[in-house]
Amino acid sequence: MQSGNVTTPFGRRPISLALVRQQVAATEIPAGKRADKWKVFRDASEARVLLGLQDRSLAVLDALLSFYPENELRQDAQLVVFPSNAQLSIRAHGIAGATLRRHLAFLVEAGLVIRKDSANGKRYARKDRSGTIESAFGFDISPLLLRAEELAEMAQKVAAERAAFRRAKEELTIRRRDVRKLISAAIEEGAPGDWAAIEDIYISLVSQIPRAPTMADAIKISAELTLLQEKVVNMLENIDNSKNTSSNAAQSGRHKQNSKSESSHELEPSSEKELGAIPNENLKPNAQPHLPFPLGLVLKACQEISAYGPAGTIGNWRDMMSAAIVARSMLGISPSAYEEACEVMGPENAAVTLACILERAGHINSPGGYLRNLTSRARRGEFSLGPVLMALLRSGGEGGREAG
């Protein structure tokens, strides 16, 4: 774009044709238009990236606006401020002269202010005998009034983009965490599958996340992690379906065999069945059983939890889990700690664990930390509820036992 010494009503300066158009437009502000100068300034600050401005430029604009005596910019008002560079420097927090002039030029180039020079280049105001300003030479801030709506729209666009970027980063964090949990759970549970290869893919994706990711980075890697998560979930579902099919077939076979001949074992309760345990050969050492213990046994061992059930009683496992949520809040255990326990132990066993903690709450300094510790031990297969409940039963349901 060509530029040169163009004579305009605003002085003789080397300016571009675009600036000339802005200067002419500033003289065509709709009659009666008004705007709060600090609202316009905040919008310009929010939109500084789109305007190509730095923080120092905004500090200079702030200083310029401070010399305009009114809070409201009006079309029929004198919108020229004429401070000296020394005065501007003081109000712009001591900015150096050369830096001040550079950022004044940036504001002019961004179309937020216009230079209105006198014949000798000085900034001043000419007043009549009554003290009213007839003409002033300095910086015309009328473009701020002219572009008030435009600046507001730019500010909203920047805010929307920032919010979208924040959501994209949050989604990336959630995806990364969820995939990590799924892979870790599959490996710890010994689920069949090439989990080492899956973990290599996960590590490769995570390593692509820059220290300061862009919106494009966050969206791209989040999408790839989502595909990996779906793959892992499908693998685990296929494993579960396969186990269920095998279990149903085995149960059907046992039913046919037992129907032919009565067994004395069928009439005698098994201690393993009473505790809701699964066969030992399917458990890792000290692993948490997948099925909950009989509710009657739990309520006998943990008598305090009943008071937190609906209407002060617990009649089923749904009541038990509702009571555990109420007790969690009373004990000051964070929702995230209890959710993690549910993920690792299963919701029923997590509720039983919390009931055990409640039973001996007077001997535990930090119930939340205690629950997280038990959850970590359960994740490693080092914690079982059976000994805990048995200890509470032997003590008659009184507090004071060690959990796990």
# chains A, B, ... in the order shown; residues from 1 in each chain; ligands from 1
>>> residues_around(residues="Arg176 of chain A", least_positions_apart="3", cutoff="12 Å", atoms="only C-alpha atoms", output="PyMOL selection string")
chain A and resi 169-173+179-183+199+201-209+218+221-229
>>> residues_around(residues="Gly32 of chain A", least_positions_apart="5", cutoff="9 Å", atoms="only C-alpha atoms", output="list in words")
Arg74, Gln75 and Asp76 of chain A
>>> select_by_dssp(residues="segment 42-216 of chain A", states="strand (DSSP E)", output="number ranges by chain")
A: 72-74, 80-81, 114-116, 124-127, 133-140
>>> write_last_selection(atoms="N, CA, C and O atoms", output="short mmCIF file (atom, residue, chain, number, x, y, z; two decimals), in the first residue's frame")
data_model
loop_
_atom_site.label_atom_id
_atom_site.label_comp_id
_atom_site.auth_asym_id
_atom_site.auth_seq_id
_atom_site.Cartn_x
_atom_site.Cartn_y
_atom_site.Cartn_z
N GLU A 72 -18.12 9.46 29.55
CA GLU A 72 -18.92 9.10 28.37
C GLU A 72 -18.38 9.83 27.14
O GLU A 72 -18.17 11.05 27.17
N LEU A 73 -18.15 9.06 26.09
CA LEU A 73 -17.79 9.65 24.81
C LEU A 73 -19.08 10.02 24.08
O LEU A 73 -19.98 9.19 23.95
N ARG A 74 -19.15 11.27 23.60
CA ARG A 74 -20.36 11.72 22.92
C ARG A 74 -19.99 12.32 21.57
O ARG A 74 -18.95 12.98 21.41
N VAL A 80 -10.86 15.49 21.53
CA VAL A 80 -9.42 15.61 21.31
C VAL A 80 -8.75 15.86 22.65
O VAL A 80 -9.16 16.74 23.41
N VAL A 81 -7.72 15.04 22.96
CA VAL A 81 -6.92 15.26 24.17
C VAL A 81 -5.54 15.74 23.74
O VAL A 81 -5.04 15.36 22.69
N ILE A 114 -6.49 9.26 16.28
CA ILE A 114 -6.04 10.00 15.09
C ILE A 114 -5.19 11.17 15.56
O ILE A 114 -5.54 11.86 16.52
N ARG A 115 -4.08 11.37 14.90
CA ARG A 115 -3.27 12.56 15.20
C ARG A 115 -3.96 13.79 14.58
O ARG A 115 -4.28 13.78 13.40
N LYS A 116 -4.14 14.77 15.38
CA LYS A 116 -4.67 16.04 14.88
C LYS A 116 -3.66 17.11 15.25
O LYS A 116 -3.66 17.66 16.35
N TYR A 124 -2.26 21.50 21.85
CA TYR A 124 -2.84 22.51 22.73
C TYR A 124 -4.30 22.70 22.35
O TYR A 124 -4.78 22.16 21.35
N ALA A 125 -5.01 23.49 23.15
CA ALA A 125 -6.42 23.82 22.89
C ALA A 125 -6.57 25.33 22.81
O ALA A 125 -5.92 26.07 23.57
N ARG A 126 -7.39 25.81 21.89
CA ARG A 126 -7.69 27.24 21.77
C ARG A 126 -9.09 27.47 22.34
O ARG A 126 -10.05 26.82 21.92
N LYS A 127 -9.18 28.35 23.31
CA LYS A 127 -10.46 28.62 23.99
C LYS A 127 -10.96 30.01 23.67
O LYS A 127 -10.18 30.91 23.37
N ILE A 133 -13.61 25.38 24.73
CA ILE A 133 -12.61 25.01 23.73
C ILE A 133 -13.20 25.16 22.33
O ILE A 133 -14.22 24.56 22.00
N GLU A 134 -12.54 26.02 21.52
CA GLU A 134 -12.97 26.19 20.14
C GLU A 134 -12.34 25.13 19.24
O GLU A 134 -13.00 24.58 18.35
N SER A 135 -11.08 24.88 19.44
CA SER A 135 -10.36 23.88 18.65
C SER A 135 -9.22 23.34 19.50
O SER A 135 -8.69 24.02 20.36
N ALA A 136 -8.88 22.08 19.24
CA ALA A 136 -7.81 21.44 20.00
C ALA A 136 -6.95 20.62 19.05
O ALA A 136 -7.43 20.12 18.02
N PHE A 137 -5.68 20.52 19.40
CA PHE A 137 -4.72 19.78 18.58
C PHE A 137 -4.00 18.78 19.48
O PHE A 137 -3.50 19.14 20.54
N GLY A 138 -4.00 17.53 19.06
CA GLY A 138 -3.39 16.47 19.85
C GLY A 138 -3.80 15.12 19.30
O GLY A 138 -3.53 14.81 18.13
N PHE A 139 -4.52 14.35 20.12
CA PHE A 139 -4.97 13.02 19.69
C PHE A 139 -6.49 12.97 19.74
O PHE A 139 -7.10 13.17 20.79
N ASP A 140 -7.08 12.67 18.59
CA ASP A 140 -8.53 12.56 18.46
C ASP A 140 -8.93 11.13 18.82
O ASP A 140 -8.50 10.17 18.16
#
>>> select_by_dssp(residues="segment 71-185 of chain A", states="alpha helix (DSSP H)", output="NGL selection string")
:A and (85-91 or 97-109 or 142-146 or 148-185)
>>> atom_distance(atom1="atom CA of Val108 of chain A", atom2="atom CA of Gln54 of chain A")
13.3 Å
>>> residues_around(residues="Gly97 of chain A", least_positions_apart="3", cutoff="10 Å", atoms="only C-alpha atoms", output="number ranges by chain")
A: 85-86, 88-89, 94, 100-102
>>> atom_distance(atom1="atom CA of Ile239 of chain A", atom2="atom CA of Arg379 of chain A")
19.7 Å
>>> residues_around(residues="segment 337-353 of chain A", least_positions_apart="4", cutoff="9 Å", atoms="only C-alpha atoms", output="PyMOL selection string")
chain A and resi 185+288-293+298+302+317-318+320-325+328+333+357-358+368-369+371-372+374-376+378-379+385+388+403
>>> residues_around(residues="Gly315 of chain A", least_positions_apart="2", cutoff="10 Å", atoms="only C-alpha atoms", output="list in words")
Leu295, Gly296, Leu299, Ser306, Gly309, Pro310, Thr313, Trp317, Arg318, Asp319 and Met320 of chain A
>>> write_last_selection(atoms="N, CA, C and O atoms", output="mmCIF file, in the first residue's frame")
data_model
loop_
_atom_site.group_PDB
_atom_site.id
_atom_site.type_symbol
_atom_site.label_atom_id
_atom_site.label_comp_id
_atom_site.auth_asym_id
_atom_site.auth_seq_id
_atom_site.Cartn_x
_atom_site.Cartn_y
_atom_site.Cartn_z
ATOM 1 N N LEU A 295 -25.856 -58.254 52.607
ATOM 2 C CA LEU A 295 -26.180 -56.980 53.239
ATOM 3 C C LEU A 295 -26.391 -57.143 54.743
ATOM 4 O O LEU A 295 -25.984 -56.285 55.537
ATOM 5 N N GLY A 296 -27.012 -58.257 55.138
ATOM 6 C CA GLY A 296 -27.247 -58.478 56.564
ATOM 7 C C GLY A 296 -25.952 -58.545 57.349
ATOM 8 O O GLY A 296 -25.844 -58.004 58.455
ATOM 9 N N LEU A 299 -24.511 -54.956 57.655
ATOM 10 C CA LEU A 299 -25.228 -54.121 58.623
ATOM 11 C C LEU A 299 -24.989 -54.584 60.053
ATOM 12 O O LEU A 299 -25.040 -53.782 60.989
ATOM 13 N N SER A 306 -26.647 -47.521 59.251
ATOM 14 C CA SER A 306 -28.100 -47.587 59.078
ATOM 15 C C SER A 306 -28.768 -46.243 59.317
ATOM 16 O O SER A 306 -29.779 -45.909 58.679
ATOM 17 N N GLY A 309 -29.356 -44.131 56.191
ATOM 18 C CA GLY A 309 -30.191 -44.597 55.101
ATOM 19 C C GLY A 309 -31.482 -43.814 55.011
ATOM 20 O O GLY A 309 -31.827 -43.035 55.911
ATOM 21 N N PRO A 310 -32.253 -44.011 53.949
ATOM 22 C CA PRO A 310 -33.555 -43.348 53.824
ATOM 23 C C PRO A 310 -34.449 -43.714 55.009
ATOM 24 O O PRO A 310 -34.588 -44.878 55.352
ATOM 25 N N THR A 313 -33.158 -46.215 57.887
ATOM 26 C CA THR A 313 -33.012 -47.671 57.758
ATOM 27 C C THR A 313 -32.391 -47.994 56.401
ATOM 28 O O THR A 313 -32.395 -47.177 55.478
ATOM 29 N N TRP A 317 -29.396 -52.814 48.729
ATOM 30 C CA TRP A 317 -28.097 -52.245 48.363
ATOM 31 C C TRP A 317 -28.233 -50.817 47.850
ATOM 32 O O TRP A 317 -27.317 -50.004 48.005
ATOM 33 N N ARG A 318 -29.342 -50.470 47.239
ATOM 34 C CA ARG A 318 -29.535 -49.091 46.793
ATOM 35 C C ARG A 318 -29.568 -48.158 48.006
ATOM 36 O O ARG A 318 -28.959 -47.092 47.999
ATOM 37 N N ASP A 319 -30.276 -48.580 49.066
ATOM 38 C CA ASP A 319 -30.292 -47.784 50.298
ATOM 39 C C ASP A 319 -28.888 -47.682 50.882
ATOM 40 O O ASP A 319 -28.491 -46.633 51.404
ATOM 41 N N MET A 320 -28.149 -48.786 50.802
ATOM 42 C CA MET A 320 -26.792 -48.806 51.353
ATOM 43 C C MET A 320 -25.895 -47.799 50.650
ATOM 44 O O MET A 320 -25.149 -47.040 51.291
#
>>> atom_distance(atom1="atom CA of Arg42 of chain A", atom2="atom CA of Leu151 of chain A")
9.2 Å
>>> residues_around(residues="Met235 of chain A", least_positions_apart="3", cutoff="12 Å", atoms="only C-alpha atoms", output="list in words")
Leu182, Ile183, Ala186, Ala191, Pro192, Gly193, Asp194, Trp195, Ile198, Leu228, Gln229, Glu230, Lys231, Val232, Asn238, Ile239, Asp240, Asn241 and Ser242 of chain A
>>> write_last_selection(atoms="N, CA and C atoms", output="short mmCIF file (atom, residue, chain, number, x, y, z; two decimals), in the first residue's frame")
data_model
loop_
_atom_site.label_atom_id
_atom_site.label_comp_id
_atom_site.auth_asym_id
_atom_site.auth_seq_id
_atom_site.Cartn_x
_atom_site.Cartn_y
_atom_site.Cartn_z
N LEU A 182 -8.17 -46.67 32.00
CA LEU A 182 -8.64 -47.91 31.38
C LEU A 182 -7.48 -48.88 31.13
N ILE A 183 -6.38 -48.36 30.62
CA ILE A 183 -5.23 -49.23 30.33
C ILE A 183 -4.66 -49.80 31.63
N ALA A 186 -6.92 -52.50 32.99
CA ALA A 186 -6.84 -53.73 32.21
C ALA A 186 -5.57 -54.51 32.54
N ALA A 191 -6.35 -58.58 32.20
CA ALA A 191 -7.26 -58.82 31.08
C ALA A 191 -6.45 -59.25 29.86
N PRO A 192 -6.95 -60.23 29.11
CA PRO A 192 -6.23 -60.68 27.91
C PRO A 192 -6.18 -59.58 26.85
N GLY A 193 -5.06 -59.48 26.16
CA GLY A 193 -4.89 -58.46 25.12
C GLY A 193 -3.48 -57.93 25.11
N ASP A 194 -3.11 -57.34 23.99
CA ASP A 194 -1.76 -56.77 23.84
C ASP A 194 -1.76 -55.35 24.42
N TRP A 195 -1.80 -55.27 25.75
CA TRP A 195 -1.90 -53.96 26.41
C TRP A 195 -0.60 -53.17 26.32
N ILE A 198 -0.97 -51.24 23.20
CA ILE A 198 -1.93 -50.16 23.42
C ILE A 198 -1.28 -49.03 24.22
N LEU A 228 -8.68 -44.11 20.53
CA LEU A 228 -7.99 -45.13 21.31
C LEU A 228 -8.86 -45.59 22.48
N GLN A 229 -9.55 -44.64 23.12
CA GLN A 229 -10.44 -45.00 24.23
C GLN A 229 -11.55 -45.94 23.75
N GLU A 230 -12.14 -45.63 22.62
CA GLU A 230 -13.20 -46.48 22.08
C GLU A 230 -12.67 -47.88 21.78
N LYS A 231 -11.44 -47.94 21.29
CA LYS A 231 -10.85 -49.25 20.99
C LYS A 231 -10.66 -50.06 22.27
N VAL A 232 -10.14 -49.39 23.32
CA VAL A 232 -9.92 -50.08 24.59
C VAL A 232 -11.25 -50.55 25.19
N ASN A 238 -15.68 -56.87 24.85
CA ASN A 238 -15.61 -58.19 24.23
C ASN A 238 -15.15 -59.23 25.24
N ILE A 239 -14.21 -58.84 26.11
CA ILE A 239 -13.74 -59.76 27.16
C ILE A 239 -14.87 -60.10 28.11
N ASP A 240 -15.62 -59.05 28.53
CA ASP A 240 -16.74 -59.27 29.45
C ASP A 240 -17.81 -60.16 28.82
N ASN A 241 -18.11 -59.91 27.54
CA ASN A 241 -19.12 -60.72 26.85
C ASN A 241 -18.68 -62.17 26.77
N SER A 242 -17.39 -62.35 26.53
CA SER A 242 -16.86 -63.72 26.44
C SER A 242 -16.96 -64.43 27.78
#
>>> decode(residues="segment 337-367 of chain A", atoms="N, CA and C atoms", output="tab-separated table (two decimals), in the first residue's frame")
chain	number	residue	atom	x	y	z
A	337	ALA	N	-12.53	-38.63	45.87
A	337	ALA	CA	-11.97	-39.78	46.57
A	337	ALA	C	-12.94	-40.95	46.56
A	338	TYR	N	-14.24	-40.64	46.78
A	338	TYR	CA	-15.23	-41.72	46.81
A	338	TYR	C	-15.48	-42.28	45.41
A	339	GLU	N	-15.47	-41.39	44.39
A	339	GLU	CA	-15.66	-41.86	43.02
A	339	GLU	C	-14.52	-42.79	42.60
A	340	GLU	N	-13.30	-42.45	43.02
A	340	GLU	CA	-12.16	-43.31	42.69
A	340	GLU	C	-12.31	-44.67	43.38
A	341	ALA	N	-12.78	-44.66	44.63
A	341	ALA	CA	-13.01	-45.92	45.34
A	341	ALA	C	-14.05	-46.77	44.61
A	342	CYS	N	-15.12	-46.12	44.13
A	342	CYS	CA	-16.16	-46.85	43.38
A	342	CYS	C	-15.60	-47.46	42.11
A	343	GLU	N	-14.72	-46.70	41.42
A	343	GLU	CA	-14.13	-47.19	40.18
A	343	GLU	C	-13.25	-48.42	40.44
A	344	VAL	N	-12.48	-48.38	41.52
A	344	VAL	CA	-11.53	-49.45	41.80
A	344	VAL	C	-12.21	-50.65	42.45
A	345	MET	N	-13.04	-50.41	43.45
A	345	MET	CA	-13.65	-51.50	44.23
A	345	MET	C	-15.01	-51.95	43.70
A	346	GLY	N	-15.68	-51.08	42.96
A	346	GLY	CA	-17.08	-51.29	42.63
A	346	GLY	C	-17.93	-50.51	43.61
A	347	PRO	N	-19.10	-50.02	43.19
A	347	PRO	CA	-19.89	-49.14	44.04
A	347	PRO	C	-20.36	-49.81	45.34
A	348	GLU	N	-20.71	-51.12	45.29
A	348	GLU	CA	-21.17	-51.77	46.52
A	348	GLU	C	-20.05	-51.92	47.53
A	349	ASN	N	-18.91	-52.41	47.06
A	349	ASN	CA	-17.79	-52.60	47.98
A	349	ASN	C	-17.24	-51.28	48.49
A	350	ALA	N	-17.30	-50.23	47.66
A	350	ALA	CA	-16.88	-48.91	48.12
A	350	ALA	C	-17.81	-48.43	49.24
A	351	ALA	N	-19.11	-48.70	49.10
A	351	ALA	CA	-20.07	-48.32	50.14
A	351	ALA	C	-19.78	-49.08	51.43
A	352	VAL	N	-19.43	-50.36	51.32
A	352	VAL	CA	-19.10	-51.15	52.51
A	352	VAL	C	-17.83	-50.61	53.17
A	353	THR	N	-16.84	-50.28	52.36
A	353	THR	CA	-15.60	-49.72	52.90
A	353	THR	C	-15.87	-48.43	53.65
A	354	LEU	N	-16.73	-47.59	53.09
A	354	LEU	CA	-17.05	-46.34	53.76
A	354	LEU	C	-17.80	-46.60	55.06
A	355	ALA	N	-18.66	-47.63	55.07
A	355	ALA	CA	-19.37	-47.98	56.30
A	355	ALA	C	-18.39	-48.43	57.38
A	356	CYS	N	-17.34	-49.15	56.96
A	356	CYS	CA	-16.32	-49.57	57.93
A	356	CYS	C	-15.57	-48.37	58.49
A	357	ILE	N	-15.26	-47.41	57.61
A	357	ILE	CA	-14.58	-46.20	58.08
A	357	ILE	C	-15.46	-45.43	59.05
A	358	LEU	N	-16.77	-45.34	58.73
A	358	LEU	CA	-17.70	-44.65	59.62
A	358	LEU	C	-17.75	-45.33	60.98
A	359	GLU	N	-17.70	-46.66	60.99
A	359	GLU	CA	-17.81	-47.42	62.23
A	359	GLU	C	-16.66	-47.09	63.19
A	360	ARG	N	-15.50	-46.77	62.63
A	360	ARG	CA	-14.36	-46.47	63.49
A	360	ARG	C	-13.86	-45.04	63.24
A	361	ALA	N	-14.79	-44.13	62.91
A	361	ALA	CA	-14.42	-42.76	62.56
A	361	ALA	C	-13.68	-42.05	63.68
A	362	GLY	N	-14.00	-42.38	64.93
A	362	GLY	CA	-13.35	-41.71	66.04
A	362	GLY	C	-11.88	-42.02	66.16
A	363	HIS	N	-11.38	-43.02	65.44
A	363	HIS	CA	-9.98	-43.41	65.51
A	363	HIS	C	-9.22	-43.07	64.23
A	364	ILE	N	-9.86	-42.33	63.32
A	364	ILE	CA	-9.23	-41.99	62.04
A	364	ILE	C	-9.12	-40.47	61.93
A	365	ASN	N	-7.90	-39.98	61.78
A	365	ASN	CA	-7.69	-38.53	61.72
A	365	ASN	C	-8.19	-37.94	60.41
A	366	SER	N	-7.95	-38.62	59.30
A	366	SER	CA	-8.33	-38.11	57.98
A	366	SER	C	-9.07	-39.19	57.21
A	367	PRO	N	-10.40	-39.24	57.32
A	367	PRO	CA	-11.15	-40.28	56.59
A	367	PRO	C	-10.91	-40.26	55.09
